[in-house]
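Peer 1: What follows is model-v6.cif, made up of mmCIF, C-alpha atoms and all ligand atoms:
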```
data_start
#
loop_
_atom_site.label_atom_id
_atom_site.label_comp_id
_atom_site.auth_asym_id
_atom_site.auth_seq_id
_atom_site.Cartn_x
_atom_site.Cartn_y
_atom_site.Cartn_z
CA MET L 799 0.00 0.00 0.00
CA SER L 800 1.45 3.39 -0.92
CA THR L 801 1.65 5.99 1.80
CA LEU L 802 -0.96 8.25 0.24
CA THR L 803 -3.55 5.48 -0.01
CA SER L 804 -2.99 4.25 3.55
CA PRO L 805 -5.99 4.78 5.84
CA ARG L 806 -4.17 7.51 7.79
CA PHE L 807 -4.29 9.73 4.72
CA ARG L 808 -7.85 8.96 3.64
CA PRO L 809 -10.22 11.54 5.13
CA ILE L 810 -12.96 10.62 7.54
CA LEU L 811 -16.51 11.74 6.72
CA LEU L 812 -17.51 13.61 9.83
CA ALA L 813 -20.94 14.94 10.86
CA GLU L 814 -19.81 16.77 14.00
CA ARG L 815 -17.39 16.72 16.91
CA PHE L 816 -18.11 18.20 20.28
CA GLY L 817 -17.18 18.20 23.93
CA PRO L 818 -16.28 18.11 26.66
CA THR L 819 -19.79 16.94 27.39
CA LEU L 820 -21.27 14.00 29.31
CA GLN L 821 -21.84 10.52 27.94
CA GLY L 822 -25.63 10.33 28.11
CA GLU L 823 -26.28 6.62 27.55
CA GLY L 824 -25.19 3.19 28.71
CA PRO L 825 -22.63 2.08 31.33
CA SER L 826 -20.51 5.25 31.12
CA THR L 827 -23.45 7.63 31.65
CA GLY L 828 -22.37 10.80 33.39
CA GLN L 829 -18.69 10.52 32.48
CA GLN L 830 -16.96 13.41 30.74
CA ALA L 831 -16.48 12.61 27.08
CA LEU L 832 -15.53 13.95 23.68
CA PHE L 833 -17.84 12.93 20.82
CA ILE L 834 -16.80 12.22 17.24
CA ARG L 835 -19.93 11.66 15.14
CA LEU L 836 -19.32 10.14 11.72
CA SER L 837 -21.55 10.82 8.76
CA ARG L 838 -23.43 8.13 6.76
CA CYS L 839 -25.44 5.08 7.83
CA ASN L 840 -26.36 1.77 6.21
CA LEU L 841 -29.87 1.82 7.75
CA SER L 842 -32.63 4.44 7.62
CA CYS L 843 -34.66 4.04 10.80
CA PRO L 844 -37.75 6.29 11.04
CA GLY L 845 -37.02 6.87 14.75
CA CYS L 846 -33.40 7.93 14.15
CA ASP L 847 -32.30 10.87 16.31
CA THR L 848 -29.40 11.75 13.98
CA PRO L 849 -31.00 11.80 10.51
CA TYR L 850 -28.59 14.57 9.48
CA THR L 851 -25.94 11.85 9.16
CA TRP L 852 -27.74 10.05 6.34
CA ASP L 853 -31.17 11.37 5.27
CA TRP L 854 -30.38 13.46 2.19
CA THR L 855 -34.11 13.92 1.43
CA ARG L 856 -34.25 16.22 4.46
CA PHE L 857 -30.66 17.38 4.90
CA ASP L 858 -27.92 18.63 2.59
CA PRO L 859 -24.77 16.49 2.79
CA ARG L 860 -22.67 19.51 1.81
CA GLN L 861 -23.89 21.27 4.95
CA GLU L 862 -24.01 18.26 7.23
CA SER L 863 -20.72 16.51 6.58
CA THR L 864 -17.09 17.48 6.29
CA GLN L 865 -13.91 15.57 5.56
CA LEU L 866 -11.25 15.57 8.23
CA SER L 867 -7.95 13.72 8.28
CA VAL L 868 -6.97 11.36 11.06
CA ASP L 869 -4.27 13.83 12.07
CA GLU L 870 -6.77 16.71 12.36
CA LEU L 871 -9.07 14.63 14.56
CA TYR L 872 -6.14 13.38 16.63
CA GLU L 873 -4.93 16.92 17.24
CA TRP L 874 -8.42 18.02 18.30
CA VAL L 875 -8.52 15.26 20.91
CA ALA L 876 -4.89 15.74 21.94
CA GLY L 877 -5.62 19.34 22.92
CA GLN L 878 -8.03 18.16 25.62
CA THR L 879 -7.60 16.11 28.76
CA VAL L 880 -10.93 14.24 28.67
CA ARG L 881 -10.16 10.51 28.79
CA LEU L 882 -13.33 9.03 27.25
CA ILE L 883 -13.71 9.37 23.48
CA VAL L 884 -17.07 8.29 22.00
CA ILE L 885 -17.09 7.50 18.29
CA THR L 886 -20.66 7.40 17.04
CA GLY L 887 -22.79 8.05 13.98
CA GLY L 888 -24.53 7.35 11.74
CA GLU L 889 -22.79 4.02 11.52
CA PRO L 890 -19.08 4.49 12.29
CA LEU L 891 -18.04 0.98 11.24
CA LEU L 892 -18.74 1.95 7.62
CA GLN L 893 -15.41 3.80 7.94
CA GLN L 894 -13.56 1.40 10.21
CA ASP L 895 -10.46 1.17 7.99
CA ARG L 896 -10.04 4.92 8.08
CA LEU L 897 -10.79 5.05 11.81
CA LEU L 898 -8.25 2.44 12.81
CA PRO L 899 -5.14 4.69 12.87
CA LEU L 900 -7.01 7.24 15.01
CA VAL L 901 -8.27 4.60 17.42
CA HIS L 902 -4.78 3.05 17.65
CA SER L 903 -3.12 6.41 18.39
CA LEU L 904 -5.67 7.40 21.03
CA ALA L 905 -5.68 4.00 22.73
CA ASN L 906 -1.86 4.03 22.86
CA GLU L 907 -1.91 7.23 24.88
CA GLY L 908 -4.40 5.83 27.37
CA ARG L 909 -7.73 7.19 26.13
CA ARG L 910 -10.85 5.04 26.56
CA ILE L 911 -12.55 4.52 23.21
CA GLU L 912 -16.24 3.65 22.95
CA ILE L 913 -17.68 2.92 19.52
CA GLU L 914 -21.46 3.09 19.12
CA THR L 915 -22.67 0.79 16.34
CA ASN L 916 -25.90 -0.74 15.07
CA GLY L 917 -24.24 -4.16 15.06
CA THR L 918 -24.66 -4.91 11.35
CA ILE L 919 -20.98 -4.68 10.31
CA ASN L 920 -18.20 -7.04 11.38
CA PRO L 921 -15.50 -5.15 13.30
CA SER L 922 -11.94 -6.13 12.36
CA PRO L 923 -9.66 -7.87 14.88
CA ASP L 924 -7.38 -4.79 14.86
CA LEU L 925 -10.24 -2.51 15.77
CA ILE L 926 -11.44 -4.84 18.52
CA GLU L 927 -7.97 -4.86 20.03
CA SER L 928 -7.81 -1.07 20.41
CA VAL L 929 -11.40 -0.27 21.33
CA THR L 930 -12.33 -0.22 25.02
CA GLN L 931 -16.03 -0.89 24.54
CA PHE L 932 -18.57 -1.36 21.77
CA ASN L 933 -22.02 0.03 22.56
CA VAL L 934 -24.05 -2.13 20.19
CA SER L 935 -27.64 -1.12 19.42
CA PRO L 936 -29.36 -3.74 17.28
CA LYS L 937 -32.63 -2.38 15.90
CA THR L 938 -36.00 -3.90 16.72
CA SER L 939 -38.57 -4.32 13.96
CA ARG L 940 -40.60 -1.41 15.32
CA PHE L 941 -37.63 0.94 15.54
CA ALA L 942 -36.26 0.08 12.11
CA GLY L 943 -39.67 0.30 10.46
CA ALA L 944 -41.36 -1.81 7.83
CA ASN L 945 -38.92 -0.91 5.05
CA ILE L 946 -35.91 -2.54 6.71
CA ASP L 947 -35.96 -6.33 6.62
CA GLU L 948 -34.60 -8.35 9.50
CA ASN L 949 -31.71 -9.57 7.34
CA ARG L 950 -30.57 -5.94 6.97
CA ARG L 951 -30.93 -4.85 10.59
CA ILE L 952 -29.70 -8.07 12.24
CA ASN L 953 -26.34 -9.59 11.21
CA PRO L 954 -25.84 -12.77 13.25
CA HIS L 955 -22.13 -13.02 12.36
CA ALA L 956 -21.40 -9.44 13.40
CA LEU L 957 -23.31 -9.93 16.67
CA GLU L 958 -21.36 -13.12 17.31
CA ILE L 959 -18.02 -11.35 16.74
CA LEU L 960 -19.02 -8.45 18.97
CA SER L 961 -20.36 -10.76 21.68
CA SER L 962 -17.26 -12.95 21.71
CA SER L 963 -14.97 -9.89 21.82
CA GLY L 964 -15.79 -9.52 25.51
CA LYS L 965 -15.95 -5.75 24.90
CA ALA L 966 -19.58 -5.28 23.87
CA ILE L 967 -22.72 -4.22 25.65
CA PHE L 968 -26.05 -4.52 23.81
CA LYS L 969 -28.33 -1.52 24.16
CA PHE L 970 -31.83 -1.64 22.71
CA VAL L 971 -33.89 1.51 22.19
CA ILE L 972 -37.45 0.90 23.40
CA THR L 973 -40.62 2.66 22.30
CA ARG L 974 -43.36 0.31 23.55
CA ARG L 975 -43.74 -2.67 25.88
CA GLU L 976 -44.27 -4.89 22.84
CA ASP L 977 -40.59 -4.32 21.88
CA LEU L 978 -39.39 -6.17 24.97
CA ASP L 979 -40.24 -9.70 23.86
CA GLU L 980 -38.30 -9.09 20.65
CA VAL L 981 -35.28 -7.99 22.69
CA ALA L 982 -35.59 -11.15 24.79
CA HIS L 983 -35.76 -13.20 21.59
CA TYR L 984 -32.46 -11.74 20.30
CA GLU L 985 -30.88 -12.05 23.73
CA ARG L 986 -31.62 -15.80 23.75
CA LEU L 987 -30.89 -16.40 20.06
CA PHE L 988 -27.44 -14.77 20.05
CA GLY L 989 -26.49 -15.04 23.73
CA LEU L 990 -26.26 -11.25 24.01
CA ALA L 991 -24.94 -9.96 27.34
CA PRO L 992 -25.10 -7.64 29.07
CA VAL L 993 -28.42 -6.27 27.77
CA TRP L 994 -29.35 -2.67 28.36
CA VAL L 995 -32.69 -1.10 27.53
CA MET L 996 -33.16 2.61 27.00
CA PRO L 997 -36.29 4.65 26.26
CA GLU L 998 -36.59 6.25 22.84
CA GLY L 999 -37.31 9.96 23.13
CA THR L 1000 -36.04 13.41 22.28
CA SER L 1001 -37.74 15.23 25.17
CA ALA L 1002 -37.27 14.84 28.93
CA ARG L 1003 -40.99 14.13 29.38
CA THR L 1004 -41.01 11.22 26.93
CA VAL L 1005 -37.80 9.73 28.34
CA LEU L 1006 -39.07 9.91 31.94
CA ASP L 1007 -42.55 8.58 31.06
CA ARG L 1008 -41.07 5.55 29.32
CA MET L 1009 -38.50 4.93 32.05
CA THR L 1010 -41.23 4.59 34.67
CA TRP L 1011 -42.57 1.35 33.12
CA LEU L 1012 -39.27 0.28 31.58
CA ALA L 1013 -37.56 0.20 35.01
CA ASP L 1014 -39.84 -2.57 36.33
CA GLU L 1015 -39.54 -4.55 33.11
CA ALA L 1016 -35.74 -4.27 33.17
CA ILE L 1017 -35.61 -5.56 36.74
CA ARG L 1018 -38.02 -8.41 35.96
CA ARG L 1019 -35.95 -9.53 32.96
CA SER L 1020 -32.50 -9.07 34.59
CA TRP L 1021 -31.54 -6.28 32.20
CA ASN L 1022 -29.87 -2.94 32.83
CA LEU L 1023 -31.67 0.37 32.35
CA SER L 1024 -30.12 3.36 30.65
CA THR L 1025 -31.51 6.85 30.67
CA ARG L 1026 -30.75 9.51 28.05
CA LEU L 1027 -29.00 11.98 30.30
CA HIS L 1028 -28.25 14.49 27.54
CA THR L 1029 -31.97 14.56 26.63
CA LEU L 1030 -33.01 15.08 30.26
CA VAL L 1031 -30.57 17.97 30.59
CA TRP L 1032 -30.51 19.55 27.12
CA GLY L 1033 -33.55 18.21 25.23
CA ASP L 1034 -32.78 17.61 21.57
CA GLN L 1035 -30.05 20.27 21.21
CA ARG L 1036 -27.34 19.18 18.83
CA GLY L 1037 -23.71 19.12 19.88
CA ARG L 1038 -24.45 18.37 23.55
S1 LIG G 1 -28.86 2.70 12.62
FE1 LIG G 1 -28.73 4.40 14.07
S2 LIG G 1 -27.86 6.15 12.91
FE2 LIG G 1 -28.53 4.59 11.42
S3 LIG G 1 -30.60 5.24 10.83
FE3 LIG G 1 -30.83 3.72 12.50
S4 LIG G 1 -30.88 4.96 14.39
FE4 LIG G 1 -30.07 6.30 12.75
#
```
Render the structure in this file as C-alpha cells.
Ligand code: SF4

Peer 2:
Amino acid sequence: MSTLTSPRFRPILLAERFGPTLQGEGPSTGQQALFIRLSRCNLSCPGCDTPYTWDWTRFDPRQESTQLSVDELYEWVAGQTVRLIVITGGEPLLQQDRLLPLVHSLANEGRRIEIETNGTINPSPDLIESVTQFNVSPKTSRFAGANIDENRRINPHALEILSSSGKAIFKFVITRREDLDEVAHYERLFGLAPVWVMPEGTSARTVLDRMTWLADEAIRRSWNLSTRLHTLVWGDQRGR
C-alpha cells in the first residue's frame, strides 16, 4: 500500500465533533467525554435521532458533513484532557479502515474509546484490540420500520463477533412494551450480554414517562436500564 492510499491519509466523513460533554447513555453515563460523530449510515430508521448523518431527502450532505484527516481529529482530541472518546454516527463501522489509525493512536496514549454501532458490520480484529467498549444497538422491527428487513438490521455473524470480543454491551432503544419480547428473543438467540434497555425519546418528558414502566420490566428480565442523560438535561439540542 502506498503511503498516500494508507488509511491515515484517507479523510474521515464527519458529521460533527463536540465536547467536553457527558456521555448520556449506557454504562458510562455521566462521564466526561468527547464525541466524534461520523456521517453516513447503512440503515434508515424512522425513529433515528441523527438523521442529518444520512437522510439526504431532508438534509444537505454539503452542509451536514465534512472531511477531516486522522491527524486533524487526533490533534483536536490531543488538545483536551478528557479521557473518554465516544465515536458514534450514523454508523461508524462503515469507515472502520479509516478510523483504525485514530483509534490506535488514542488507545496508545491511554484514552478510553467507545464505539457506538448498530451491530450490522463485522469489526476487524485490529479494531477490537484497540477499542475499550462497543455500545451495540441492534434495531427492533418497530424501531427500524417496515422498510428494513430483519436480514438488513440483524447480522448474526457481526453480533457473534461483537459478543465474543468480551468488549460489547447490547443496548436496545425501546418505544413500547411490545418491543421487549423481541429484545428477549435476540438475547436468547445470540447469547447477548449484558443487555441494556433505554427509552426512545427526544424530550425529557417522553424519556421519563417511558423509564417509569421500563424500570420494572428491566428488573423483571434481569436487564440494565439506561436513561438519556443528555436529553433530560438539554432536550434535543445538537452538539451536547
Ligand atoms: S442505525 Fe442508528 S444512525 Fe442509522 S438510521 Fe438507525 S438509528 Fe439512525

Peer 1: Could you build a table of the residues in chain L lying no more than 8 Å from ligand LIG 1 (chain G), giving for each the nearest pair of atoms and their separation in Å rounded to one decimal place, using only C-alpha atoms and all ligand atoms, ordered by chain and ascending residue number, as a tab-separated table?

Peer 2:
```
residue	atom	partner	partner_atom	distance
L:Arg838	CA	G:LIG1	FE2	7.8
L:Cys839	CA	G:LIG1	FE2	4.8
L:Asn840	CA	G:LIG1	FE2	6.3
L:Leu841	CA	G:LIG1	S3	4.7
L:Ser842	CA	G:LIG1	S3	3.9
L:Cys843	CA	G:LIG1	FE3	4.2
L:Pro844	CA	G:LIG1	S3	7.2
L:Gly845	CA	G:LIG1	S4	6.4
L:Cys846	CA	G:LIG1	S4	3.9
L:Asp847	CA	G:LIG1	FE4	6.2
L:Thr848	CA	G:LIG1	FE4	5.6
L:Pro849	CA	G:LIG1	FE4	6.0
L:Thr851	CA	G:LIG1	S2	7.1
L:Trp852	CA	G:LIG1	S3	7.2
L:Gly887	CA	G:LIG1	S2	5.5
L:Gly888	CA	G:LIG1	S2	3.7
L:Glu889	CA	G:LIG1	S2	5.7
L:Thr915	CA	G:LIG1	FE1	7.4
L:Asn916	CA	G:LIG1	S1	5.2
L:Ser935	CA	G:LIG1	FE1	7.8
L:Pro936	CA	G:LIG1	S1	8.0
L:Lys937	CA	G:LIG1	S1	7.1
L:Phe941	CA	G:LIG1	S4	7.9
L:Ala942	CA	G:LIG1	FE3	6.5
```

Peer 1: Would you mind reading off the distance between CA of Leu1027 (chain L) and CA of Met996 (chain L), one decimal, in Å?

Peer 2: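 A separation of 10.8 Å between them.
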
Peer 1: I need the residue nearest His902 (chain L) from this list: L:Val929, L:Ile810, L:Ala876, L:Leu1030. Use all atoms listed in the file for the distance.

Peer 2: L:Val929

Peer 1: Mind giving me the straight-line distance from CA of Trp1021 (chain L) to CA of Phe968 (chain L) in Å, one decimal?

Peer 2: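 Atom-to-atom, CA of Trp1021 (chain L) and CA of Phe968 (chain L) are spaced 10.2 Å apart.
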
Peer 1: From the set L:Ser903, L:Ser1020, L:Asn933, L:Gln865, which residue has the shortest atom-to-atom contact distance to Leu957 (chain L), counting all atoms listed in the file?

Peer 2: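 Among the listed residues, L:Asn933 lies closest to Leu957 (chain L).
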
Peer 1: Show me, as JSON, numbers by chain, the residues that have an atom within 9 Å of Leu871 (chain L) when counting all atoms listed in the file, minus same-chain residues fewer than 6 positions from it.

Peer 2: {"L": [810, 815, 834, 900]}

Peer 1: Selection from above, C-alpha atoms, as a short mmCIF file (atom, residue, chain, number, x, y, z; two decimals), in the frame of the given file, can you write it?

Peer 2:
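Result went into selection_17.cif, see below:
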```cif
data_model
loop_
_atom_site.label_atom_id
_atom_site.label_comp_id
_atom_site.auth_asym_id
_atom_site.auth_seq_id
_atom_site.Cartn_x
_atom_site.Cartn_y
_atom_site.Cartn_z
CA ILE L 810 -12.96 10.62 7.54
CA ARG L 815 -17.39 16.72 16.91
CA ILE L 834 -16.80 12.22 17.24
CA LEU L 900 -7.01 7.24 15.01
#
```

Peer 1: Pick out the residues sitting within 8 Å of Glu912 (chain L), and hand them over as a PDB file with C-alpha atoms, keeping the file's coordinate frame; count only C-alpha atoms, and ignore anything fewer than 4 positions along from it in its own chain.

Peer 2:
```
ATOM      1  CA  LEU L 882     -13.330   9.030  27.250  1.00  0.00           C
ATOM      2  CA  ILE L 883     -13.710   9.370  23.480  1.00  0.00           C
ATOM      3  CA  VAL L 884     -17.070   8.290  22.000  1.00  0.00           C
ATOM      4  CA  ILE L 885     -17.090   7.500  18.290  1.00  0.00           C
ATOM      5  CA  VAL L 929     -11.400  -0.270  21.330  1.00  0.00           C
ATOM      6  CA  THR L 930     -12.330  -0.220  25.020  1.00  0.00           C
ATOM      7  CA  GLN L 931     -16.030  -0.890  24.540  1.00  0.00           C
ATOM      8  CA  PHE L 932     -18.570  -1.360  21.770  1.00  0.00           C
ATOM      9  CA  ASN L 933     -22.020   0.030  22.560  1.00  0.00           C
TER      10      ASN L 933
END
```

Peer 1: Find the distance between CA of Arg910 (chain L) and CA of Thr886 (chain L) and write it in Å to one decimal.

Peer 2: 13.9 Å
